[in-house]
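What follows is query35.pdb (PDB, C-alpha atoms, pLDDT in the B column).
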```pdb
ATOM      1  CA  MET A   1      98.675  82.359  80.924  1.00 44.00           C
ATOM      2  CA  ALA A   2      98.271  80.520  84.183  1.00 49.00           C
ATOM      3  CA  GLY A   3     101.593  79.266  85.449  1.00 49.00           C
ATOM      4  CA  GLN A   4     103.626  81.548  83.203  1.00 53.00           C
ATOM      5  CA  SER A   5     105.384  84.623  84.488  1.00 56.00           C
ATOM      6  CA  ARG A   6     104.791  87.810  82.518  1.00 62.00           C
ATOM      7  CA  ASN A   7     107.336  89.722  84.586  1.00 64.00           C
ATOM      8  CA  SER A   8     109.827  91.325  82.213  1.00 72.00           C
ATOM      9  CA  ASN A   9     111.979  92.849  84.972  1.00 75.00           C
ATOM     10  CA  GLN A  10     115.634  91.923  84.784  1.00 84.00           C
ATOM     11  CA  LEU A  11     117.527  91.320  88.015  1.00 84.00           C
ATOM     12  CA  VAL A  12     120.704  93.337  88.416  1.00 88.00           C
ATOM     13  CA  VAL A  13     122.185  90.357  90.270  1.00 88.00           C
ATOM     14  CA  PRO A  14     120.632  87.219  88.725  1.00 86.00           C
ATOM     15  CA  GLN A  15     122.100  85.055  91.517  1.00 89.00           C
ATOM     16  CA  ALA A  16     119.721  86.810  93.937  1.00 89.00           C
ATOM     17  CA  SER A  17     116.673  85.261  92.295  1.00 90.00           C
ATOM     18  CA  ALA A  18     116.270  82.382  94.767  1.00 91.00           C
ATOM     19  CA  ALA A  19     116.787  84.662  97.774  1.00 92.00           C
ATOM     20  CA  LEU A  20     114.182  87.130  96.485  1.00 91.00           C
ATOM     21  CA  GLU A  21     111.713  84.315  95.855  1.00 90.00           C
ATOM     22  CA  GLN A  22     112.262  83.034  99.419  1.00 93.00           C
ATOM     23  CA  MET A  23     111.812  86.567 100.784  1.00 93.00           C
ATOM     24  CA  LYS A  24     108.516  86.874  98.914  1.00 92.00           C
ATOM     25  CA  PHE A  25     107.144  83.756 100.610  1.00 92.00           C
ATOM     26  CA  GLU A  26     108.436  84.802 104.045  1.00 94.00           C
ATOM     27  CA  VAL A  27     106.903  88.275 103.743  1.00 94.00           C
ATOM     28  CA  ALA A  28     103.610  86.845 102.503  1.00 94.00           C
ATOM     29  CA  GLN A  29     103.498  84.534 105.513  1.00 94.00           C
ATOM     30  CA  GLU A  30     104.240  87.450 107.878  1.00 93.00           C
ATOM     31  CA  LEU A  31     101.431  89.480 106.317  1.00 93.00           C
ATOM     32  CA  GLY A  32      99.001  86.553 106.153  1.00 94.00           C
ATOM     33  CA  ILE A  33      98.792  86.713 102.356  1.00 92.00           C
ATOM     34  CA  GLN A  34      98.340  83.513 100.358  1.00 91.00           C
ATOM     35  CA  ILE A  35     100.736  83.240  97.384  1.00 89.00           C
ATOM     36  CA  PRO A  36      99.050  81.491  94.431  1.00 87.00           C
ATOM     37  CA  GLN A  37     100.535  78.015  94.043  1.00 86.00           C
ATOM     38  CA  ASP A  38     100.213  78.127  90.249  1.00 88.00           C
ATOM     39  CA  GLY A  39     102.206  81.363  90.006  1.00 81.00           C
ATOM     40  CA  TYR A  40      99.298  83.317  88.500  1.00 87.00           C
ATOM     41  CA  TYR A  41      98.753  86.532  90.447  1.00 85.00           C
ATOM     42  CA  GLY A  42      95.784  87.757  88.382  1.00 87.00           C
ATOM     43  CA  ASN A  43      93.295  86.662  91.023  1.00 89.00           C
ATOM     44  CA  MET A  44      95.236  88.202  93.909  1.00 90.00           C
ATOM     45  CA  ALA A  45      93.714  91.323  95.438  1.00 92.00           C
ATOM     46  CA  THR A  46      95.507  94.498  94.381  1.00 93.00           C
ATOM     47  CA  ARG A  47      95.722  95.538  98.022  1.00 94.00           C
ATOM     48  CA  ASP A  48      97.535  92.305  98.932  1.00 93.00           C
ATOM     49  CA  ALA A  49      99.913  92.520  95.972  1.00 91.00           C
ATOM     50  CA  GLY A  50     100.732  96.133  96.844  1.00 93.00           C
ATOM     51  CA  ALA A  51     101.284  95.308 100.501  1.00 94.00           C
ATOM     52  CA  LEU A  52     103.543  92.417  99.554  1.00 93.00           C
ATOM     53  CA  GLY A  53     105.620  94.520  97.142  1.00 93.00           C
ATOM     54  CA  GLY A  54     105.840  97.454  99.529  1.00 95.00           C
ATOM     55  CA  TYR A  55     106.972  95.335 102.447  1.00 95.00           C
ATOM     56  CA  ILE A  56     109.580  93.547 100.325  1.00 95.00           C
ATOM     57  CA  THR A  57     110.898  96.923  99.161  1.00 95.00           C
ATOM     58  CA  ARG A  58     111.151  98.167 102.752  1.00 95.00           C
ATOM     59  CA  LYS A  59     113.076  95.024 103.758  1.00 94.00           C
ATOM     60  CA  LEU A  60     115.466  95.362 100.805  1.00 94.00           C
ATOM     61  CA  VAL A  61     116.135  99.014 101.630  1.00 96.00           C
ATOM     62  CA  GLN A  62     116.755  98.059 105.268  1.00 95.00           C
ATOM     63  CA  ILE A  63     119.254  95.381 104.212  1.00 93.00           C
ATOM     64  CA  ALA A  64     121.050  97.829 101.915  1.00 93.00           C
ATOM     65  CA  GLU A  65     121.173 100.499 104.641  1.00 94.00           C
ATOM     66  CA  GLN A  66     122.669  98.015 107.102  1.00 94.00           C
ATOM     67  CA  GLN A  67     125.316  96.976 104.581  1.00 91.00           C
ATOM     68  CA  LEU A  68     126.172 100.596 103.802  1.00 91.00           C
ATOM     69  CA  ALA A  69     126.351 101.489 107.472  1.00 90.00           C
ATOM     70  CA  GLY A  70     128.719  98.589 108.076  1.00 84.00           C
ATOM     71  CA  ARG A  71     130.916  99.747 105.224  1.00 81.00           C
ATOM     72  CA  PHE A  72     131.371 103.263 106.517  1.00 75.00           C
ATOM     73  CA  THR A  73     131.573 102.664 110.281  1.00 68.00           C
ATOM     74  CA  ARG A  74     134.562 100.337 110.298  1.00 59.00           C
TER      75      ARG A  74
END
```
As structure tokens, the full file:
Amino acid sequence: MAGQSRNSNQLVVPQASAALEQMKFEVAQELGIQIPQDGYYGNMATRDAGALGGYITRKLVQIAEQQLAGRFTR
């Protein structure tokens, strides 16, 4: 299955796909994690994959909190 994505998650906002993909690469670079060029994550260490996912989640929550704060402080 190399090169094929087995991710069955559906994006709530499909237009965000490119931005999320870019964020993944930026976060990986910040953490010093190498993203597989072929798209197959099976050889990636579980620790690295977890760190990558956790950090992305924290960034997304931070973005949402900032947007909510801006909505209610105007």
Would you list the contacts of Ala28 of chain A as a PyMOL selection string, taking every protein, DNA or RNA residue within 12 Å and counting all atoms listed in the file, but skipping same-chain residues closer than 5 positions in sequence? chain A and resi 21-23+33-36+48-56
For atom CA of Tyr41 of chain A and atom CA of Ser8 of chain A, the interatomic separation in Å (one decimal): 14.6 Å
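Take atom CA of Ala16 of chain A and atom CA of Met44 of chain A: the distance between them is 24.5 Å.
Between atom CA of Leu31 of chain A and atom CA of Gln10 of chain A there is a distance of 25.9 Å.
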Could you write out as AutoDock Vina command-line options the box around segment 38-54 of chain A (axis-aligned, all atoms listed in the file, 6 Å on each side), with centre and edge lengths in Å to one decimal?
```
--center_x 99.6 --center_y 87.8 --center_z 94.4 --size_x 24.5 --size_y 31.3 --size_z 24.1
```
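Closest approach to Leu60 of chain A among A:Phe72, A:Glu30, A:Lys24, A:Gly39: A:Lys24, based on all atoms listed in the file.
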